[in-house]
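What follows is target18.cif (mmCIF, C-alpha atoms, pLDDT in the B column; chains and numbers go by the auth columns).
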```cif
data_model
loop_
_atom_site.group_PDB
_atom_site.id
_atom_site.type_symbol
_atom_site.label_atom_id
_atom_site.label_comp_id
_atom_site.label_asym_id
_atom_site.label_seq_id
_atom_site.Cartn_x
_atom_site.Cartn_y
_atom_site.Cartn_z
_atom_site.B_iso_or_equiv
_atom_site.auth_seq_id
_atom_site.auth_asym_id
ATOM 1 C CA MET A 1 0.000 0.000 0.000 54.00 1 A
ATOM 2 C CA ALA A 2 1.374 3.389 -0.926 53.00 2 A
ATOM 3 C CA ASN A 3 1.784 6.184 1.610 55.00 3 A
ATOM 4 C CA VAL A 4 -0.468 8.927 0.272 52.00 4 A
ATOM 5 C CA SER A 5 -0.687 11.062 3.401 57.00 5 A
ATOM 6 C CA PRO A 6 1.375 14.250 3.507 58.00 6 A
ATOM 7 C CA ASP A 7 4.390 14.550 5.783 57.00 7 A
ATOM 8 C CA ARG A 8 3.044 15.781 9.135 59.00 8 A
ATOM 9 C CA SER A 9 6.358 16.095 10.941 63.00 9 A
ATOM 10 C CA ASP A 10 6.891 19.686 9.770 65.00 10 A
ATOM 11 C CA LEU A 11 4.496 22.140 11.450 66.00 11 A
ATOM 12 C CA SER A 12 5.999 25.252 9.888 70.00 12 A
ATOM 13 C CA THR A 13 3.305 25.252 7.224 71.00 13 A
ATOM 14 C CA HIS A 14 0.463 24.867 9.721 68.00 14 A
ATOM 15 C CA PRO A 15 -1.972 27.827 9.501 73.00 15 A
ATOM 16 C CA ASP A 16 -1.991 28.366 13.302 76.00 16 A
ATOM 17 C CA VAL A 17 1.741 28.110 13.916 74.00 17 A
ATOM 18 C CA SER A 18 2.090 31.642 15.298 80.00 18 A
ATOM 19 C CA GLU A 19 -0.780 31.118 17.744 83.00 19 A
ATOM 20 C CA MET A 20 0.662 27.769 18.854 75.00 20 A
ATOM 21 C CA ARG A 21 4.063 29.375 19.482 75.00 21 A
ATOM 22 C CA ALA A 22 2.460 32.158 21.527 76.00 22 A
ATOM 23 C CA ARG A 23 0.559 29.616 23.641 75.00 23 A
ATOM 24 C CA TYR A 24 3.674 27.543 24.130 68.00 24 A
ATOM 25 C CA GLU A 25 5.612 30.584 25.334 68.00 25 A
ATOM 26 C CA ALA A 26 2.771 31.615 27.654 66.00 26 A
ATOM 27 C CA VAL A 27 2.633 28.157 29.225 63.00 27 A
ATOM 28 C CA LEU A 28 6.380 27.942 29.718 58.00 28 A
ATOM 29 C CA GLY A 29 6.968 31.534 30.723 56.00 29 A
ATOM 30 C CA GLY A 30 3.971 32.370 32.898 50.00 30 A
ATOM 31 C CA GLY A 31 5.230 32.511 36.467 46.00 31 A
ATOM 32 C CA ARG A 32 7.347 29.364 36.357 53.00 32 A
ATOM 33 C CA ASP A 33 10.520 31.085 37.526 56.00 33 A
ATOM 34 C CA VAL A 34 9.858 29.749 41.000 55.00 34 A
ATOM 35 C CA ALA A 35 9.303 26.137 40.007 64.00 35 A
ATOM 36 C CA LEU A 36 12.090 25.088 42.354 75.00 36 A
ATOM 37 C CA VAL A 37 10.221 26.589 45.316 81.00 37 A
ATOM 38 C CA ASP A 38 7.099 24.448 44.825 84.00 38 A
ATOM 39 C CA GLY A 39 8.685 21.262 46.172 89.00 39 A
ATOM 40 C CA PRO A 40 10.162 22.808 49.323 93.00 40 A
ATOM 41 C CA VAL A 41 6.818 24.510 50.056 92.00 41 A
ATOM 42 C CA PHE A 42 5.039 21.166 49.832 94.00 42 A
ATOM 43 C CA LEU A 43 7.672 19.445 51.982 95.00 43 A
ATOM 44 C CA LEU A 44 7.475 22.220 54.569 96.00 44 A
ATOM 45 C CA GLY A 45 3.701 21.753 54.762 96.00 45 A
ATOM 46 C CA LEU A 46 4.146 18.010 55.095 97.00 46 A
ATOM 47 C CA TYR A 47 6.660 18.429 57.918 97.00 47 A
ATOM 48 C CA CYS A 48 4.467 21.003 59.645 96.00 48 A
ATOM 49 C CA ALA A 49 1.560 18.555 59.558 96.00 49 A
ATOM 50 C CA VAL A 50 3.534 15.649 61.030 96.00 50 A
ATOM 51 C CA SER A 51 5.814 17.612 63.384 94.00 51 A
ATOM 52 C CA PRO A 52 3.672 17.048 66.508 93.00 52 A
ATOM 53 C CA TRP A 53 4.166 13.302 66.093 93.00 53 A
ATOM 54 C CA VAL A 54 7.848 13.655 65.169 93.00 54 A
ATOM 55 C CA LEU A 55 8.592 15.782 68.247 91.00 55 A
ATOM 56 C CA HIS A 56 6.128 13.883 70.491 88.00 56 A
ATOM 57 C CA TYR A 57 4.029 16.738 71.774 86.00 57 A
ATOM 58 C CA THR A 58 0.690 15.209 70.882 82.00 58 A
ATOM 59 C CA THR A 59 -0.292 14.641 74.509 85.00 59 A
ATOM 60 C CA SER A 60 1.199 17.785 76.068 87.00 60 A
ATOM 61 C CA GLN A 61 -0.141 20.205 73.424 89.00 61 A
ATOM 62 C CA PRO A 62 -3.285 18.698 71.829 90.00 62 A
ATOM 63 C CA ASP A 63 -4.550 22.078 70.585 92.00 63 A
ATOM 64 C CA LEU A 64 -1.218 22.876 68.962 92.00 64 A
ATOM 65 C CA MET A 65 -1.123 19.385 67.459 93.00 65 A
ATOM 66 C CA THR A 66 -4.413 20.003 65.658 94.00 66 A
ATOM 67 C CA HIS A 67 -3.274 23.501 64.711 95.00 67 A
ATOM 68 C CA ASN A 68 -0.029 22.306 63.129 95.00 68 A
ATOM 69 C CA LEU A 69 -1.880 19.566 61.265 96.00 69 A
ATOM 70 C CA VAL A 70 -4.357 22.025 59.738 97.00 70 A
ATOM 71 C CA VAL A 71 -1.761 24.695 58.911 97.00 71 A
ATOM 72 C CA GLY A 72 0.587 22.056 57.496 97.00 72 A
ATOM 73 C CA ILE A 73 -2.150 20.780 55.204 97.00 73 A
ATOM 74 C CA ALA A 74 -2.851 24.376 54.114 96.00 74 A
ATOM 75 C CA ILE A 75 0.827 25.005 53.322 95.00 75 A
ATOM 76 C CA GLY A 76 1.047 21.694 51.451 95.00 76 A
ATOM 77 C CA LEU A 77 -2.038 22.573 49.409 94.00 77 A
ATOM 78 C CA LEU A 78 -0.481 25.939 48.557 91.00 78 A
ATOM 79 C CA GLY A 79 2.612 24.096 47.325 90.00 79 A
ATOM 80 C CA LEU A 80 0.474 21.805 45.180 90.00 80 A
ATOM 81 C CA GLY A 81 -1.444 24.809 43.878 87.00 81 A
ATOM 82 C CA PHE A 82 1.792 26.602 42.994 83.00 82 A
ATOM 83 C CA THR A 83 2.685 23.544 40.913 82.00 83 A
ATOM 84 C CA ALA A 84 -0.710 22.900 39.314 83.00 84 A
ATOM 85 C CA ALA A 85 -1.862 26.443 38.492 79.00 85 A
ATOM 86 C CA PRO A 86 1.105 28.792 38.917 75.00 86 A
ATOM 87 C CA ALA A 87 -0.351 31.814 37.149 73.00 87 A
ATOM 88 C CA ARG A 88 -3.385 31.816 39.430 78.00 88 A
ATOM 89 C CA MET A 89 -1.776 30.696 42.671 80.00 89 A
ATOM 90 C CA TYR A 90 1.298 32.885 42.965 74.00 90 A
ATOM 91 C CA GLY A 91 -0.971 35.723 44.051 80.00 91 A
ATOM 92 C CA LEU A 92 -1.429 33.680 47.234 85.00 92 A
ATOM 93 C CA SER A 93 2.287 33.816 48.022 85.00 93 A
ATOM 94 C CA TRP A 94 1.604 36.545 50.536 89.00 94 A
ATOM 95 C CA ALA A 95 -0.875 34.227 52.270 92.00 95 A
ATOM 96 C CA MET A 96 2.027 31.851 52.754 92.00 96 A
ATOM 97 C CA CYS A 97 3.952 34.662 54.454 94.00 97 A
ATOM 98 C CA ALA A 98 0.969 35.296 56.720 95.00 98 A
ATOM 99 C CA LEU A 99 0.819 31.595 57.611 95.00 99 A
ATOM 100 C CA GLY A 100 4.518 31.744 58.468 96.00 100 A
ATOM 101 C CA VAL A 101 4.042 34.694 60.810 97.00 101 A
ATOM 102 C CA TRP A 102 1.076 32.918 62.387 96.00 102 A
ATOM 103 C CA MET A 103 3.197 29.770 62.906 96.00 103 A
ATOM 104 C CA ILE A 104 5.780 31.854 64.766 96.00 104 A
ATOM 105 C CA ILE A 105 3.270 33.265 67.264 96.00 105 A
ATOM 106 C CA ALA A 106 0.964 30.210 67.454 95.00 106 A
ATOM 107 C CA PRO A 107 2.704 28.416 70.359 94.00 107 A
ATOM 108 C CA TRP A 108 1.762 31.250 72.696 94.00 108 A
ATOM 109 C CA VAL A 109 -1.684 31.916 71.214 94.00 109 A
ATOM 110 C CA VAL A 110 -2.890 28.341 70.659 93.00 110 A
ATOM 111 C CA GLY A 111 -0.690 26.342 73.017 86.00 111 A
ATOM 112 C CA THR A 112 -0.637 26.252 76.799 86.00 112 A
ATOM 113 C CA SER A 113 2.814 26.983 78.249 87.00 113 A
ATOM 114 C CA PRO A 114 4.774 25.400 75.375 89.00 114 A
ATOM 115 C CA ASP A 115 8.243 24.043 76.006 90.00 115 A
ATOM 116 C CA ALA A 116 11.345 25.150 74.115 91.00 116 A
ATOM 117 C CA GLY A 117 11.203 22.336 71.523 90.00 117 A
ATOM 118 C CA VAL A 118 7.686 23.254 70.439 92.00 118 A
ATOM 119 C CA VAL A 119 8.545 26.945 70.235 94.00 119 A
ATOM 120 C CA VAL A 120 11.756 26.393 68.247 95.00 120 A
ATOM 121 C CA ASN A 121 9.978 23.978 65.889 95.00 121 A
ATOM 122 C CA ASN A 122 7.207 26.462 65.118 96.00 122 A
ATOM 123 C CA ILE A 123 9.632 29.375 64.747 97.00 123 A
ATOM 124 C CA ILE A 124 11.731 27.420 62.224 97.00 124 A
ATOM 125 C CA ILE A 125 8.649 26.320 60.269 97.00 125 A
ATOM 126 C CA GLY A 126 7.266 29.878 60.343 97.00 126 A
ATOM 127 C CA ALA A 127 10.538 31.473 59.260 98.00 127 A
ATOM 128 C CA LEU A 128 10.902 29.023 56.362 97.00 128 A
ATOM 129 C CA ALA A 129 7.291 29.675 55.317 96.00 129 A
ATOM 130 C CA VAL A 130 7.910 33.437 55.331 96.00 130 A
ATOM 131 C CA ILE A 131 11.134 33.061 53.329 95.00 131 A
ATOM 132 C CA LEU A 132 9.598 30.704 50.755 93.00 132 A
ATOM 133 C CA GLY A 133 6.463 32.862 50.501 91.00 133 A
ATOM 134 C CA MET A 134 8.570 35.970 49.862 91.00 134 A
ATOM 135 C CA MET A 135 10.616 34.138 47.244 88.00 135 A
ATOM 136 C CA CYS A 136 7.412 33.118 45.465 84.00 136 A
ATOM 137 C CA ALA A 137 5.867 36.591 45.741 83.00 137 A
ATOM 138 C CA PHE A 138 8.914 38.544 44.579 82.00 138 A
ATOM 139 C CA THR A 139 9.655 36.195 41.702 76.00 139 A
ATOM 140 C CA ALA A 140 6.011 36.191 40.584 72.00 140 A
ATOM 141 C CA ALA A 141 5.925 40.005 40.761 74.00 141 A
ATOM 142 C CA ARG A 142 9.145 40.220 38.744 73.00 142 A
ATOM 143 C CA SER A 143 7.927 37.820 36.061 66.00 143 A
ATOM 144 C CA ALA A 144 4.406 39.302 35.786 63.00 144 A
ATOM 145 C CA PRO A 145 3.708 41.017 32.490 59.00 145 A
ATOM 146 C CA ARG A 146 3.976 44.800 32.659 58.00 146 A
ATOM 147 C CA ALA A 147 0.962 46.833 31.560 53.00 147 A
#
```

Could you spell out this file's structure in structure tokens?
Amino acid sequence: MANVSPDRSDLSTHPDVSEMRARYEAVLGGGRDVALVDGPVFLLGLYCAVSPWVLHYTTSQPDLMTHNLVVGIAIGLLGLGFTAAPARMYGLSWAMCALGVWMIIAPWVVGTSPDAGVVVNNIIIGALAVILGMMCAFTAARSAPRA
């Protein structure tokens, strides 16, 4: 049987080639400068969620245990959102900074006379959340299209 179909490996003659190139550039260029931050944000949320069990303060600080679980899930979901829909989610980078500040003050607001390990753990998690949130926010602001 003879091959009668035209060669489809060359798209340069396609009528929509300019539109396809523009879409390709938009997908690759739109806010993906901080792609390396998405993974650490997710891992930070995962650690925040499991840290009460890692540091064994589930019985001494039950309110803070629940708090860290919920905030850790929120940070992890932000990390997944930064990966899945970066153009829409990087506006929430400042929310990540707010969660970091809240994690720093939460042992005294949510907990009852927390010990040094709990305080240091939450301060480290909060500081990393603020740093990663600022990295996301500043990079997204820098890569946003100018009007």

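Across the chains present, the PyMOL selection byres ((chain A and resi 47-50) around 8) applied to this file returns Leu43, Leu44, Gly45, Leu46, Ser51, Pro52, Trp53, Val54, Asn68, Leu69, Val70, Val71, Gly72, Ile73 and Ile125 of chain A.
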
Let me see the file: selected residues, C-alpha atoms, as a tab-separated table (two decimals), keeping the file's coordinate frame.
```
chain	number	residue	atom	x	y	z
A	43	LEU	CA	7.67	19.44	51.98
A	44	LEU	CA	7.48	22.22	54.57
A	45	GLY	CA	3.70	21.75	54.76
A	46	LEU	CA	4.15	18.01	55.10
A	51	SER	CA	5.81	17.61	63.38
A	52	PRO	CA	3.67	17.05	66.51
A	53	TRP	CA	4.17	13.30	66.09
A	54	VAL	CA	7.85	13.66	65.17
A	68	ASN	CA	-0.03	22.31	63.13
A	69	LEU	CA	-1.88	19.57	61.26
A	70	VAL	CA	-4.36	22.02	59.74
A	71	VAL	CA	-1.76	24.70	58.91
A	72	GLY	CA	0.59	22.06	57.50
A	73	ILE	CA	-2.15	20.78	55.20
A	125	ILE	CA	8.65	26.32	60.27
```

Let me make sure I understand: among A:Ala74, A:Ala116, A:Ala84, A:Val110, which one has the smallest atom-to-atom distance to Ala98 in chain A if we use all atoms listed in the file? A:Ala74

Please evaluate the PyMOL selection byres ((chain A and resi 107) around 10) against the displayed coordinates and give the resulting residues as a PyMOL selection string. chain A and resi 61+63-64+67-68+102-106+108-116+118-123

Might you spell out which residues the PyMOL selection byres ((chain A and resi 127) around 10) would select in the displayed file, as JSON, numbers by chain? {"A": [97, 99, 100, 101, 103, 104, 122, 123, 124, 125, 126, 128, 129, 130, 131, 132, 133]}

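Taking CA of Ile75 in chain A and CA of Ala95 in chain A as the two end points, the separation is 9.4 Å.
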
Expressed in Å to a single decimal, how great is the separation between CA of Ala141 in chain A and CA of Arg21 in chain A?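 A separation of 23.9 Å between them.
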
Would you compute, for all listed atoms of range 103-109 of chain A, the axis-aligned bounding box grown by 8 Å on each side, and then report its centre and edge lengths in Å rounded to one decimal, as JSON?
```
{"center_x": 2.0, "center_y": 30.8, "center_z": 67.8, "size_x": 23.5, "size_y": 20.8, "size_z": 25.8}
```

As an exercise, work out the distance from CA of Ser93 in chain A to CA of Phe138 in chain A in Å and give it to one decimal place. 8.8 Å

Non-local contacts of Tyr90 in chain A (10 Å; only C-alpha atoms; under 3 positions in same chain excluded) as an mmCIF file with C-alpha atoms, in the frame of the given file:
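The file below, part-v1.cif, is the result:
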```cif
data_model
loop_
_atom_site.group_PDB
_atom_site.id
_atom_site.type_symbol
_atom_site.label_atom_id
_atom_site.label_comp_id
_atom_site.auth_asym_id
_atom_site.auth_seq_id
_atom_site.Cartn_x
_atom_site.Cartn_y
_atom_site.Cartn_z
ATOM 1 C CA GLY A 31 5.230 32.511 36.467
ATOM 2 C CA ARG A 32 7.347 29.364 36.357
ATOM 3 C CA VAL A 34 9.858 29.749 41.000
ATOM 4 C CA LEU A 78 -0.481 25.939 48.557
ATOM 5 C CA GLY A 79 2.612 24.096 47.325
ATOM 6 C CA GLY A 81 -1.444 24.809 43.878
ATOM 7 C CA PHE A 82 1.792 26.602 42.994
ATOM 8 C CA THR A 83 2.685 23.544 40.913
ATOM 9 C CA ALA A 85 -1.862 26.443 38.492
ATOM 10 C CA PRO A 86 1.105 28.792 38.917
ATOM 11 C CA ALA A 87 -0.351 31.814 37.149
ATOM 12 C CA SER A 93 2.287 33.816 48.022
ATOM 13 C CA TRP A 94 1.604 36.545 50.536
ATOM 14 C CA ALA A 95 -0.875 34.227 52.270
ATOM 15 C CA MET A 96 2.027 31.851 52.754
ATOM 16 C CA GLY A 133 6.463 32.862 50.501
ATOM 17 C CA CYS A 136 7.412 33.118 45.465
ATOM 18 C CA ALA A 137 5.867 36.591 45.741
ATOM 19 C CA PHE A 138 8.914 38.544 44.579
ATOM 20 C CA THR A 139 9.655 36.195 41.702
ATOM 21 C CA ALA A 140 6.011 36.191 40.584
ATOM 22 C CA ALA A 141 5.925 40.005 40.761
#
```

Using only C-alpha atoms, which of A:Gly117, A:Thr13, A:Ser18, A:Leu77 sits nearest Leu55 in chain A? A:Gly117

Considering all atoms listed in the file, can you say which of A:Thr58, A:Leu80, A:Val37, A:Phe42 comes closest to Met135 in chain A?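 The closest residue to Met135 in chain A is A:Val37.
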